[in-house]
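Student: Please find one structure pasted underneath; my questions will follow.
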Amino acid sequence: MTSFDLPPPNLSEPEIQALLIAHYGISGQVTMLASERDQNARVDTSTGSFVLKIAHCAEDENFLDLQNSALSHLEAVGLDGIPRVIPTLAGRAMALAEWGGHVSWVRLLSYVDGQLLSGSSRTLAQLEALGRYLGNVSKGLSSFGHPGAHRQGFMWSLDEAGACERFAEDIADNAHRAMVVGLFAHYRLHVAPRVWSLRKSVLHQDANDNNVVVDAKGGIVGLIDFGDMCFGSQINELAIAMAYGVLDAPDPLAAIRTIVAGYAAEFAITEDEAELVFDLMRMRLVMSVCISSHQHKRFPENDYLLISQAPAFSLLERLDRLDPSMVQAVCRKAAGFDATRNFRAVVSHLKTTRISALVRPDLRDRPRLLVGCHGAAGQAADPNFDGLPAWLEELRSEESELFAIRPHSETRIADGANADIEPSPPLGMDLYLPAGTQLYSPLSGTVHCCTDGDDKDDDFTVVLRHQTPLGVPFYSVFSNLGTLAPSLEIGKLVQAGDPIGFTGALKRQDGRARHLRLQVRTDHPACARAIDQGQLAAKDVWSQISPDPNLLLRLAPETFEVDPHPPEAVLAKRSERIGPSLSVSYQRKLKIVRGEGAYLFDHTGRRYLDCVNNITHVGHCNPRVVEAQCRQAERLNTNSRYLHDLMPRLADRLVSHLPSPLSVVYFTNSGTEANELALRIARTALNQKDTIVLDWAYHGNSGGMVEISPYKFKRKGGHGQPDFVQIAEFPDPYRGRIKAHGRQAGRDYAQDITRCLNAIKARTGQRSATFIAESVSGVGGQVFLPQAYLQTVYELIRADGGIVIADEVQCGFGRLGNAFWGFELQGVVPDIVVLGKPIGNGHPIGAVVTTPELAGKFANGMEYFNSFGGNPVSMAVGLAVLDEIEARNLQSEALATGSHLLAAFKELKERFALIGDVRGSGLFLGIELVRERQTLEPATSEASAIVNHMRDNGVLISTDGPHDNVLKIKPPMVFARAEADRLVSALGAAFAAIGQAS
């Protein structure tokens with residue numbers, strides 16, 4: 001016989017009074033309490049209040065001892081709010097009582113004062129406290145054991161939920177019965193197989209809202225009725241509390257999260273427990289309605305059996321409207337885990353794996369517009385407003401590749417919904433692209449599903465399944481496509497870069513703007529149309545279920561920010577505060593806010609390929625260089641009067657790359673300073689100021705350097721040629737007097753040096769002079785000197801006791817590919833070498849390297865002191881730059897990439913008559929534009945148009961040369977084959993556009 005086969009005890013009040021006097025020596029006011037299978041009565045006496053518990057006659061003594069022992073244990077571990085066992089007059093924990101021919105065990109417990117949770121309004125604070133209290137109950141019982149807890153076949157054990165399925169037929173309502181049958185099916189398939197692996201413990205197992213005691217303010221006071229104790233899965237304690245704690249909560253999801261978080265704060269739970277607790281919560285409700293329906297069918301007179309059935313069904317219906325995977329994720333998050341098991345692995349994979357562009361050209365390189373529903377400055381208005389399609393089309397008339405983006409991080413009203421509706425969480429990123437834009441898969445994967453739209457616009461959705469190298473699955477979702485790629489079918493393998501479809505018309509039939517919605521899912525999407533649903537309160541959970549799709553696009557963070565100071569405002573302020581002599585590049589000014597590798601990023605997040613910034617030699621914000629700079633700046637930065645290891649160490653490294661006898665190093669803060677110092681050394685050694693320079697040369701921005709730079713003093717604003725400066729003929733093999741690159745051309749050009757030396761002798765009476773020249777001319781138009789030119793010049797200068805200086809500021813440090821220094825191309829060794837921009841990757845460093853002989857002559861008693869030339873931070877940076885050049889073989893990479901570019905440029909020359917000459921080595925390249933190849937008429941305006949066209953298409957180049965008609969290409973040395981191909985493509989498009997325009 002079990003307690004379900006016999007009626008519960010039913011003693012009268014006089015009989016109860018007699019029991020109290022006989023066994024406990026007390027009397028008082030008796031109030032009957034509701035109970036399912038026992039009989040309970042509250043007893044109020046002058047010394048306190050108690051509960052008399054008369055067990056069912058079928059109740060096992062061992063089980064009652066379990067309850068008493070558990071209460072004593074919890075009291076011993078310090079848990080408040082638990083009934084205390086009151087011993088009988090004989091000192092025992094229990095007594096026997098006879099009634100109606102049956103015998104029952106009787107116990108007296110202290111009364112836990114307060115009201116029941118069932119009579120209290122739910123608040124999140126209360127539910128958190130409930131979770132914490134139950135967490136402490138679990139913590140206390142985790143160290144308790146008793147043989148009576150192992151109740152084989154106990155119907156109320158949540159681990160035995162499946163045993164109640166046979167009672168489902170006793171549920172009267174057809175809809176309720178069908179719902180319960182479905183939950184049992186889900187339990188058998190997804191829950192029961194995992195239950196047996198969960199942690200086990202002795203459980204209270206009945207923290208329903210009629211067993212939890214609260215105070216007048218709703219605070220948790222205690223827990224009563226240990227009559228359903230058993231040994232089972234530890235998480236059942238929380239699941240049962242959730243089932244009843246959420247009954248009247250206005251937001252079930254928030255209530256569930258709060259209870260779980262409170263519980264886990266006191267008693268940590270496992271990932272398996274966090275994933276199953278919601279299903280177990282529902283099964284507790286299912287058990288309750290099944291057992292109560294069955295029992296009420298047998299004992300219709302016991303109304304207590306149905307006390308919680310109506311609210312239980314109501315909650316089950318509300319929970320049925322939630323996405324179970326979402327609730328599981330909420331429980332995981334509340335328990336301190338990621339929302340999904342796959343989240344961390346998927347995000348880590350997507351951050352590092354190679355991604356193909358979703359569209360071509362890549363969105364990273366296109367102009368963009370941030371739109372949102374908040375109307376912030378710099379944003380569009382609500383994307384649902386009717387004028388958005390026309391407005392975007394108008395903007396695209398000026399920038400055809402412009403796209404608009406609505407970020408993943410923005411909460412939003414569902415398209416077309418009433419503004420009073422609560423916003424939904426950020427489950428995806430919306431892209432407004434030109435109609436007919438072809439879309440490509442960013443990753444390899446298989447087609448999980450393809451669906452066509454259920455509305456009049458016939459939008460399509462594609463879901464692709466991917467996996468990490470360790471086999472962790474995840475999904476990419478593309479919604480609102482206009483058409484699908486014909487080859488797509490479920491199960492088909494799709495390679496990264498394969499087409500998946502096309503965007504539809506920007507304007508939908510209802511007038512709103514169509515967008516492509518892009519999502520990443522770290523769980524299994526139930527269906528393509530259901531993944532848009534979610535709750536705003538669980539935004540942090542959704543962001544892990546559906547993380548930022550920018551993992552697939554890799555748009556710069558500035559894309560999703562509104563810059564309060566756009567270029568126009570900065571230009572106005574610059575014009576007000578900065579001297580007008582400092583120019584700004586391009587017709588449409590760029591506000592650059594960040595750099596990375598070979599790219600610069602503007603204030604909108606658009607990426608520009610930097611093909612001209614040779615200063616950042618090893619790439620913008622090179623991690624090795626940045627780390628070295630920051631590390632040393634944290635430790636020490638001071639002047640060069642103190643000894644420090646880094647200065648001689650960098651000097652050694654530089655000298656190791658130079659031929660003998662160049663072995664003495666001076667450090668400066670710029671190339672200009674270095675050229676000034678080089679001239680000072682030479683003039684000191686010669687006791688002669690006269691200097692020979694090449695026409696159109698440029699050596700720095702100081703007064704002294706402007707005096708020896710025809711590029712400056714011969715142009716507007718210049719003061720003309722100083723008397724101590726001689727200008728030698730510029731040996732330009734393409735545009736110069738001798739149109740050849742060979743050795744004879746070099747020797748012939750060099751003869752003009754004799755004229756310069758004679759002019760010096762006529763002025764000073766001696767022919768000794770300093771000769772300074774770039775080993776490869778930059779400002780002159782990326783001109784490579786004819787063979788034997790420097791060799792002949794150096795011989796002529798040195799024959800009269802002069803000194804030769806090689807300015808390697810722009811062409812040194814491996815940029816040329818087949819030589820580390822430009823002078824090596826000419827087979828010469830200068831007396832002094834000047835180093836600048838590349839040595840610091842943008843950090844202000846320069847250097848002069850000379851011979852011991854010249855260094856000795858320079859030490860004439862006048863000290864050379866440069867406060868921060870050679871400071872520790874600059875030295876650390878210089879060493880890091882050399883490390884990067886060597887570790888990444890950037891010189892050989894420059895040679896390979898440059899050879900590829902030269903070949904491509906020559907192909908462009910065959911296509912476009914505007915290209916007169918292509919020249920260069922490594923990543924020091926020039927394309928000279930002419931209107932007529934015979935007359936070499938400079939195409940200056942066309943060169944400017946090319947430069948600005950490319951800027952508008954995301955590629956940055958510039959012009960040089962006496963006529964500003966040479967496209968100069970000197971990118972950071974990390975410029976690789978992919979960047980080279982993009983440069984060539986942009987050049988081809990620009991030449992085609994300019995050619996059509998002309």
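Each chain in the structure tokens gets a letter, A, B and so on, in the order shown; residues start at 1 in every chain, and ligands are counted from 1 in the order they appear.
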Which residues are near stretch 106-108 of chain A? Cut-off 8 Å, only C-alpha atoms, ignore same chain within fewer than 3 positions. Put them as an MDAnalysis selection string.

Tutor: chainID A and resid 50:55 85:87 93:97

Student: Please produce an output containing N, CA, C and O atoms for each residue in the selection, written as a compact mmCIF listing (two decimals), in the first residue's frame.

Tutor:
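Okay, this is what ended up in again-v9.txt:
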```
# COMPACT_ATOMS: atom_id res chain seq x y z
N PHE A 50 3.34 26.05 17.04
CA PHE A 50 3.91 24.80 16.57
C PHE A 50 3.05 24.25 15.44
O PHE A 50 1.93 24.71 15.21
N VAL A 51 3.60 23.24 14.76
CA VAL A 51 2.84 22.49 13.78
C VAL A 51 2.85 21.02 14.17
O VAL A 51 3.93 20.43 14.33
N LEU A 52 1.67 20.46 14.35
CA LEU A 52 1.55 19.03 14.63
C LEU A 52 1.36 18.32 13.31
O LEU A 52 0.44 18.64 12.55
N LYS A 53 2.21 17.37 13.00
CA LYS A 53 2.16 16.66 11.74
C LYS A 53 1.83 15.20 12.00
O LYS A 53 2.58 14.49 12.67
N ILE A 54 0.66 14.76 11.47
CA ILE A 54 0.21 13.38 11.61
C ILE A 54 0.42 12.72 10.26
O ILE A 54 -0.23 13.07 9.27
N ALA A 55 1.37 11.79 10.21
CA ALA A 55 1.76 11.19 8.94
C ALA A 55 0.70 10.23 8.44
O ALA A 55 -0.11 9.68 9.21
N VAL A 85 12.71 20.35 15.29
CA VAL A 85 11.98 19.19 15.81
C VAL A 85 11.82 19.34 17.32
O VAL A 85 12.81 19.53 18.05
N ILE A 86 10.55 19.25 17.82
CA ILE A 86 10.26 19.33 19.26
C ILE A 86 10.13 17.91 19.79
O ILE A 86 9.26 17.15 19.35
N PRO A 87 10.95 17.51 20.76
CA PRO A 87 10.88 16.13 21.27
C PRO A 87 9.61 15.90 22.11
O PRO A 87 9.02 16.82 22.66
N ALA A 93 11.82 11.80 19.05
CA ALA A 93 11.50 12.72 17.97
C ALA A 93 10.09 12.50 17.44
O ALA A 93 9.51 13.39 16.81
N MET A 94 9.50 11.32 17.69
CA MET A 94 8.17 11.00 17.16
C MET A 94 7.39 10.18 18.17
O MET A 94 7.98 9.57 19.09
N ALA A 95 6.07 10.17 17.95
CA ALA A 95 5.18 9.34 18.77
C ALA A 95 4.18 8.67 17.85
O ALA A 95 4.01 9.07 16.69
N LEU A 96 3.49 7.64 18.34
CA LEU A 96 2.48 6.94 17.56
C LEU A 96 1.09 7.37 18.01
O LEU A 96 0.83 7.59 19.19
N ALA A 97 0.19 7.44 17.01
CA ALA A 97 -1.21 7.79 17.33
C ALA A 97 -2.12 6.86 16.56
O ALA A 97 -1.87 6.54 15.39
```

Student: Report as a PyMOL selection string all protein, DNA and RNA residues lying within 10 Å of A:Val664, evaluated on only C-alpha atoms, omitting residues in the same chain fewer than 3 positions from it.

Tutor: chain A and resi 651-652+654-655+661+832+848-856

Student: With C-alpha atoms retained, write the just-selected residues as a PDB file, in the first residue's frame.

Tutor:
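Contents of again32.pdb, as written:
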```pdb
ATOM      1  CA  ALA A 651      73.977  51.810 -33.741  1.00  0.00           C
ATOM      2  CA  ASP A 652      75.481  48.321 -34.009  1.00  0.00           C
ATOM      3  CA  LEU A 654      72.522  49.914 -38.360  1.00  0.00           C
ATOM      4  CA  VAL A 655      76.235  49.541 -38.992  1.00  0.00           C
ATOM      5  CA  PRO A 661      84.084  52.251 -43.412  1.00  0.00           C
ATOM      6  CA  ILE A 832      77.996  59.961 -45.094  1.00  0.00           C
ATOM      7  CA  VAL A 848      73.658  59.987 -39.705  1.00  0.00           C
ATOM      8  CA  VAL A 849      76.287  57.328 -40.308  1.00  0.00           C
ATOM      9  CA  THR A 850      79.795  58.312 -41.354  1.00  0.00           C
ATOM     10  CA  THR A 851      83.401  57.200 -41.250  1.00  0.00           C
ATOM     11  CA  PRO A 852      85.700  57.360 -38.237  1.00  0.00           C
ATOM     12  CA  GLU A 853      87.871  59.820 -40.148  1.00  0.00           C
ATOM     13  CA  LEU A 854      85.073  62.316 -40.709  1.00  0.00           C
ATOM     14  CA  ALA A 855      83.760  61.805 -37.183  1.00  0.00           C
ATOM     15  CA  GLY A 856      87.226  62.684 -35.886  1.00  0.00           C
TER      16      GLY A 856
END
```

Student: What is the atom CA of A:Thr47-atom CA of A:His23 distance in Å, reported with one decimal?

Tutor: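 Those two atoms sit 16.4 Å apart.
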
Student: Pick out the closest residue to A:Lys217 from this set: A:Leu79, A:Ala125, A:Val612, A:His186. Count only C-alpha atoms.

Tutor: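 Answer, going by the shortest atom-to-atom distance: A:Ala125.
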
Student: In terms of the shortest atom-to-atom distance over only C-alpha atoms, which of A:His699, A:Arg84, A:Arg406, A:Arg588 is closest to A:Gly836?

Tutor: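 Result for the nearest residue to A:Gly836: A:His699.
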
Student: What's the separation between atom CA of A:Tyr24 and atom CA of A:Leu141, in Å to one decimal place?

Tutor: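 Rounded to one decimal, the two atoms are 28.8 Å apart.
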
Student: Find the spatial neighbours of stretch 317-332 of chain A, counting only C-alpha atoms, within a cut-off of 7 Å - ignore same-chain residues fewer than 2 positions away - and output them as a ChimeraX atom specification.

Tutor: /A:253,257,260,271,274-275,278,313-315,334-340,541

Student: List the spatial neighbours of stretch 920-934 of chain A as a ChimeraX atom specification - criterion: any atom at most 10 Å away, only C-alpha atoms, same-chain residues fewer than 6 positions off excluded.

Tutor: /A:611-612,614,734-735,776-778,781-784,810-811,814-819,891-902,905-906,909,912-914,940-943,959-961,963-975

Student: Nearest to A:Gln688: which of A:Ser985, A:Gln766, A:Ser585, A:Asn860 is it, counting only C-alpha atoms?

Tutor: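 Ranked by minimum distance to A:Gln688, first place goes to A:Gln766.
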
Student: Near A:Leu470, within 12 Å and counting only C-alpha atoms, which residues show up once chain neighbours fewer than 5 positions away are dropped, as a PyMOL selection string?

Tutor: chain A and resi 342+345-346+348-349

Student: Output the selection as a compact mmCIF listing (two decimals), in the first residue's frame - N, CA and C atoms for each residue.

Tutor:
```txt
# COMPACT_ATOMS: atom_id res chain seq x y z
N ASN A 342 28.88 26.96 -27.65
CA ASN A 342 29.72 27.19 -28.83
C ASN A 342 30.21 28.62 -28.95
N ALA A 345 34.11 29.46 -28.77
CA ALA A 345 34.87 28.82 -29.83
C ALA A 345 34.55 29.43 -31.18
N VAL A 346 33.27 29.74 -31.40
CA VAL A 346 32.87 30.30 -32.68
C VAL A 346 33.45 31.71 -32.86
N SER A 348 36.03 33.06 -31.37
CA SER A 348 37.49 32.97 -31.50
C SER A 348 37.86 32.55 -32.91
N HIS A 349 37.14 31.60 -33.45
CA HIS A 349 37.41 31.14 -34.81
C HIS A 349 37.17 32.26 -35.82
```

Student: Give the strand (DSSP E) residues of stretch 699-845 of chain A, as assigned by DSSP on the backbone, as a VMD selection string.

Tutor: chain A and resid 725 to 728 770 to 774 803 to 807 832 to 835

Student: Based on the selection just made, write all heavy atoms of those residues as a short mmCIF file (atom, residue, chain, number, x, y, z; two decimals), in the first residue's frame.

Tutor:
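What follows is the written file out.cif:
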```
data_model
loop_
_atom_site.label_atom_id
_atom_site.label_comp_id
_atom_site.auth_asym_id
_atom_site.auth_seq_id
_atom_site.Cartn_x
_atom_site.Cartn_y
_atom_site.Cartn_z
N VAL A 725 75.41 77.28 -53.38
CA VAL A 725 74.76 76.07 -53.88
C VAL A 725 74.88 76.02 -55.40
O VAL A 725 74.56 77.00 -56.09
CB VAL A 725 73.28 76.02 -53.46
CG1 VAL A 725 72.56 74.84 -54.14
CG2 VAL A 725 73.16 75.92 -51.94
N GLN A 726 75.35 74.89 -55.90
CA GLN A 726 75.38 74.63 -57.33
C GLN A 726 74.36 73.54 -57.66
O GLN A 726 74.25 72.53 -56.95
CB GLN A 726 76.77 74.18 -57.77
CG GLN A 726 77.87 75.20 -57.52
CD GLN A 726 77.64 76.48 -58.31
OE1 GLN A 726 77.23 76.44 -59.47
NE2 GLN A 726 77.91 77.62 -57.68
N ILE A 727 73.58 73.77 -58.73
CA ILE A 727 72.55 72.82 -59.12
C ILE A 727 73.04 72.01 -60.32
O ILE A 727 73.25 72.56 -61.41
CB ILE A 727 71.24 73.54 -59.48
CG1 ILE A 727 70.75 74.40 -58.31
CG2 ILE A 727 70.16 72.53 -59.87
CD1 ILE A 727 69.53 75.25 -58.64
N ALA A 728 73.20 70.70 -60.08
CA ALA A 728 73.63 69.82 -61.17
C ALA A 728 72.40 69.36 -61.96
O ALA A 728 71.28 69.30 -61.46
CB ALA A 728 74.37 68.62 -60.61
N THR A 770 80.75 69.68 -51.07
CA THR A 770 79.90 68.58 -50.59
C THR A 770 78.85 68.29 -51.65
O THR A 770 78.18 69.21 -52.15
CB THR A 770 79.20 68.95 -49.28
OG1 THR A 770 80.19 69.22 -48.28
CG2 THR A 770 78.30 67.83 -48.82
N PHE A 771 78.73 67.03 -52.01
CA PHE A 771 77.67 66.61 -52.93
C PHE A 771 76.65 65.81 -52.14
O PHE A 771 76.99 64.84 -51.45
CB PHE A 771 78.25 65.75 -54.05
CG PHE A 771 77.19 65.15 -54.94
CD1 PHE A 771 76.61 65.90 -55.96
CD2 PHE A 771 76.78 63.83 -54.77
CE1 PHE A 771 75.64 65.34 -56.79
CE2 PHE A 771 75.82 63.27 -55.59
CZ PHE A 771 75.24 64.03 -56.60
N ILE A 772 75.39 66.19 -52.23
CA ILE A 772 74.32 65.47 -51.54
C ILE A 772 73.22 65.16 -52.54
O ILE A 772 72.81 66.03 -53.33
CB ILE A 772 73.76 66.26 -50.34
CG1 ILE A 772 72.67 65.44 -49.63
CG2 ILE A 772 73.27 67.64 -50.73
CD1 ILE A 772 72.23 66.04 -48.29
N ALA A 773 72.77 63.93 -52.52
CA ALA A 773 71.69 63.53 -53.43
C ALA A 773 70.98 62.31 -52.85
O ALA A 773 71.59 61.47 -52.18
CB ALA A 773 72.23 63.21 -54.81
N GLU A 774 69.66 62.24 -53.15
CA GLU A 774 68.95 61.00 -52.88
C GLU A 774 69.48 59.93 -53.81
O GLU A 774 69.71 60.19 -55.00
CB GLU A 774 67.46 61.18 -53.14
CG GLU A 774 66.72 62.06 -52.14
CD GLU A 774 65.24 62.11 -52.46
OE1 GLU A 774 64.86 62.84 -53.40
OE2 GLU A 774 64.47 61.42 -51.77
N ILE A 803 83.34 65.70 -50.38
CA ILE A 803 82.64 64.68 -49.58
C ILE A 803 81.28 64.41 -50.22
O ILE A 803 80.59 65.34 -50.67
CB ILE A 803 82.47 65.16 -48.13
CG1 ILE A 803 83.85 65.26 -47.45
CG2 ILE A 803 81.54 64.23 -47.34
CD1 ILE A 803 83.80 65.89 -46.08
N VAL A 804 80.89 63.12 -50.25
CA VAL A 804 79.61 62.74 -50.86
C VAL A 804 78.66 62.21 -49.78
O VAL A 804 79.05 61.42 -48.91
CB VAL A 804 79.80 61.70 -51.98
CG1 VAL A 804 80.54 62.33 -53.14
CG2 VAL A 804 80.55 60.48 -51.48
N ILE A 805 77.42 62.65 -49.88
CA ILE A 805 76.38 62.28 -48.91
C ILE A 805 75.25 61.59 -49.66
O ILE A 805 74.76 62.12 -50.67
CB ILE A 805 75.82 63.51 -48.17
CG1 ILE A 805 76.92 64.24 -47.41
CG2 ILE A 805 74.70 63.10 -47.23
CD1 ILE A 805 76.46 65.56 -46.79
N ALA A 806 74.83 60.43 -49.17
CA ALA A 806 73.68 59.72 -49.73
C ALA A 806 72.48 59.94 -48.83
O ALA A 806 72.50 59.56 -47.65
CB ALA A 806 73.99 58.24 -49.87
N ASP A 807 71.46 60.58 -49.37
CA ASP A 807 70.21 60.79 -48.63
C ASP A 807 69.32 59.57 -48.88
O ASP A 807 68.75 59.40 -49.96
CB ASP A 807 69.53 62.07 -49.13
CG ASP A 807 68.26 62.41 -48.34
OD1 ASP A 807 67.72 61.52 -47.67
OD2 ASP A 807 67.81 63.57 -48.43
N ILE A 832 79.01 59.76 -46.14
CA ILE A 832 78.00 59.96 -45.09
C ILE A 832 76.67 59.44 -45.63
O ILE A 832 76.32 59.67 -46.79
CB ILE A 832 77.85 61.46 -44.72
CG1 ILE A 832 79.19 62.03 -44.26
CG2 ILE A 832 76.79 61.64 -43.66
CD1 ILE A 832 79.16 63.54 -44.02
N VAL A 833 75.93 58.74 -44.77
CA VAL A 833 74.59 58.27 -45.12
C VAL A 833 73.59 58.91 -44.17
O VAL A 833 73.82 58.97 -42.95
CB VAL A 833 74.48 56.74 -45.02
CG1 VAL A 833 73.04 56.28 -45.27
CG2 VAL A 833 75.42 56.08 -46.01
N VAL A 834 72.50 59.41 -44.75
CA VAL A 834 71.44 60.03 -43.95
C VAL A 834 70.22 59.11 -43.94
O VAL A 834 69.75 58.68 -44.99
CB VAL A 834 71.06 61.40 -44.53
CG1 VAL A 834 69.87 61.98 -43.76
CG2 VAL A 834 72.25 62.35 -44.47
N LEU A 835 69.75 58.83 -42.74
CA LEU A 835 68.57 57.96 -42.55
C LEU A 835 67.47 58.77 -41.88
O LEU A 835 67.75 59.62 -41.04
CB LEU A 835 68.92 56.75 -41.70
CG LEU A 835 70.20 55.99 -42.08
CD1 LEU A 835 70.47 54.87 -41.09
CD2 LEU A 835 70.08 55.45 -43.50
#
```

Student: Looking only at helix (DSSP H, G or I) from DSSP on the backbone, list the matching residues of stretch 398-626 of chain A as an MDAnalysis selection string.

Tutor: chainID A and resid 530:532 536:545 550:553 557:560 567:577 623:626

Student: Write out as number ranges by chain which residues come within 10 Å of A:Leu552 when counting only C-alpha atoms, dropping same-chain ones fewer than 6 positions away.

Tutor: A: 350-351, 353-358, 441-443, 476, 518-520

Student: Just checking: using only C-alpha atoms, which residue out of A:Leu757, A:Val246, A:Pro567, A:Lys837 ends up closest to A:Asp800?

Tutor: A:Leu757

Student: Report as a list in words all protein, DNA and RNA residues lying within 8 Å of stretch 875-880 of chain A, evaluated on only C-alpha atoms, omitting residues in the same chain fewer than 3 positions from it.

Tutor: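 The filter keeps Arg624, Val625, Val626, Ala628, Gln629, Gln632, Leu646, Met647, Leu650, Arg653, Ile839, Gly840, Asn841, His843, Ile845, Gly870, Asn871, Pro872, Asp883 and Glu884 of chain A.
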
Student: Write the residues you've just listed into a file as a PDB file, in the first residue's frame, and include N, CA and C atoms for each of them.

Tutor:
```
ATOM      1  N   ARG A 624      54.624  45.093 -33.099  1.00  0.00           N
ATOM      2  CA  ARG A 624      55.952  44.957 -32.497  1.00  0.00           C
ATOM      3  C   ARG A 624      56.515  46.331 -32.127  1.00  0.00           C
ATOM      4  N   VAL A 625      56.328  47.291 -33.017  1.00  0.00           N
ATOM      5  CA  VAL A 625      56.854  48.630 -32.780  1.00  0.00           C
ATOM      6  C   VAL A 625      56.078  49.327 -31.664  1.00  0.00           C
ATOM      7  N   VAL A 626      54.766  49.215 -31.706  1.00  0.00           N
ATOM      8  CA  VAL A 626      53.937  49.847 -30.671  1.00  0.00           C
ATOM      9  C   VAL A 626      54.277  49.278 -29.299  1.00  0.00           C
ATOM     10  N   ALA A 628      57.079  47.871 -28.301  1.00  0.00           N
ATOM     11  CA  ALA A 628      58.412  48.314 -27.877  1.00  0.00           C
ATOM     12  C   ALA A 628      58.373  49.753 -27.390  1.00  0.00           C
ATOM     13  N   GLN A 629      57.654  50.593 -28.102  1.00  0.00           N
ATOM     14  CA  GLN A 629      57.554  52.001 -27.720  1.00  0.00           C
ATOM     15  C   GLN A 629      56.879  52.149 -26.360  1.00  0.00           C
ATOM     16  N   GLN A 632      59.095  50.754 -23.391  1.00  0.00           N
ATOM     17  CA  GLN A 632      60.201  51.612 -22.987  1.00  0.00           C
ATOM     18  C   GLN A 632      59.702  52.925 -22.393  1.00  0.00           C
ATOM     19  N   LEU A 646      70.469  50.917 -25.153  1.00  0.00           N
ATOM     20  CA  LEU A 646      69.782  50.848 -26.445  1.00  0.00           C
ATOM     21  C   LEU A 646      70.459  51.669 -27.539  1.00  0.00           C
ATOM     22  N   MET A 647      71.086  52.795 -27.189  1.00  0.00           N
ATOM     23  CA  MET A 647      71.713  53.618 -28.228  1.00  0.00           C
ATOM     24  C   MET A 647      72.833  52.855 -28.934  1.00  0.00           C
ATOM     25  N   LEU A 650      71.347  49.917 -31.117  1.00  0.00           N
ATOM     26  CA  LEU A 650      70.771  50.283 -32.412  1.00  0.00           C
ATOM     27  C   LEU A 650      71.873  50.708 -33.382  1.00  0.00           C
ATOM     28  N   ARG A 653      73.316  47.678 -34.895  1.00  0.00           N
ATOM     29  CA  ARG A 653      72.419  47.051 -35.872  1.00  0.00           C
ATOM     30  C   ARG A 653      72.448  47.805 -37.197  1.00  0.00           C
ATOM     31  N   ILE A 839      63.146  54.572 -40.312  1.00  0.00           N
ATOM     32  CA  ILE A 839      63.790  53.981 -39.135  1.00  0.00           C
ATOM     33  C   ILE A 839      62.878  53.994 -37.907  1.00  0.00           C
ATOM     34  N   GLY A 840      61.913  54.910 -37.877  1.00  0.00           N
ATOM     35  CA  GLY A 840      61.029  54.991 -36.705  1.00  0.00           C
ATOM     36  C   GLY A 840      59.599  54.614 -36.982  1.00  0.00           C
ATOM     37  N   ASN A 841      59.289  54.241 -38.227  1.00  0.00           N
ATOM     38  CA  ASN A 841      57.915  53.845 -38.577  1.00  0.00           C
ATOM     39  C   ASN A 841      56.900  54.925 -38.213  1.00  0.00           C
ATOM     40  N   HIS A 843      57.609  57.262 -35.856  1.00  0.00           N
ATOM     41  CA  HIS A 843      58.168  57.867 -34.645  1.00  0.00           C
ATOM     42  C   HIS A 843      59.339  58.767 -35.073  1.00  0.00           C
ATOM     43  N   ILE A 845      62.563  59.752 -35.579  1.00  0.00           N
ATOM     44  CA  ILE A 845      63.959  59.313 -35.470  1.00  0.00           C
ATOM     45  C   ILE A 845      64.661  59.626 -36.789  1.00  0.00           C
ATOM     46  N   GLY A 870      68.503  60.035 -29.994  1.00  0.00           N
ATOM     47  CA  GLY A 870      69.048  58.853 -29.325  1.00  0.00           C
ATOM     48  C   GLY A 870      68.389  58.541 -27.994  1.00  0.00           C
ATOM     49  N   ASN A 871      67.232  59.126 -27.706  1.00  0.00           N
ATOM     50  CA  ASN A 871      66.559  58.824 -26.435  1.00  0.00           C
ATOM     51  C   ASN A 871      66.130  57.359 -26.399  1.00  0.00           C
ATOM     52  N   PRO A 872      65.966  56.779 -25.210  1.00  0.00           N
ATOM     53  CA  PRO A 872      65.692  55.338 -25.097  1.00  0.00           C
ATOM     54  C   PRO A 872      64.442  54.879 -25.837  1.00  0.00           C
ATOM     55  N   ASP A 883      63.965  44.689 -36.342  1.00  0.00           N
ATOM     56  CA  ASP A 883      63.519  43.325 -36.050  1.00  0.00           C
ATOM     57  C   ASP A 883      62.397  42.906 -36.999  1.00  0.00           C
ATOM     58  N   GLU A 884      61.479  43.821 -37.236  1.00  0.00           N
ATOM     59  CA  GLU A 884      60.336  43.512 -38.093  1.00  0.00           C
ATOM     60  C   GLU A 884      60.784  43.314 -39.545  1.00  0.00           C
TER      61      GLU A 884
END
```

Student: Which is closer to A:Pro710 than all the others in A:Ala697, A:Ile957, A:Val463, A:Leu658, using only C-alpha atoms?

Tutor: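 Among the listed residues, A:Ala697 lies closest to A:Pro710.
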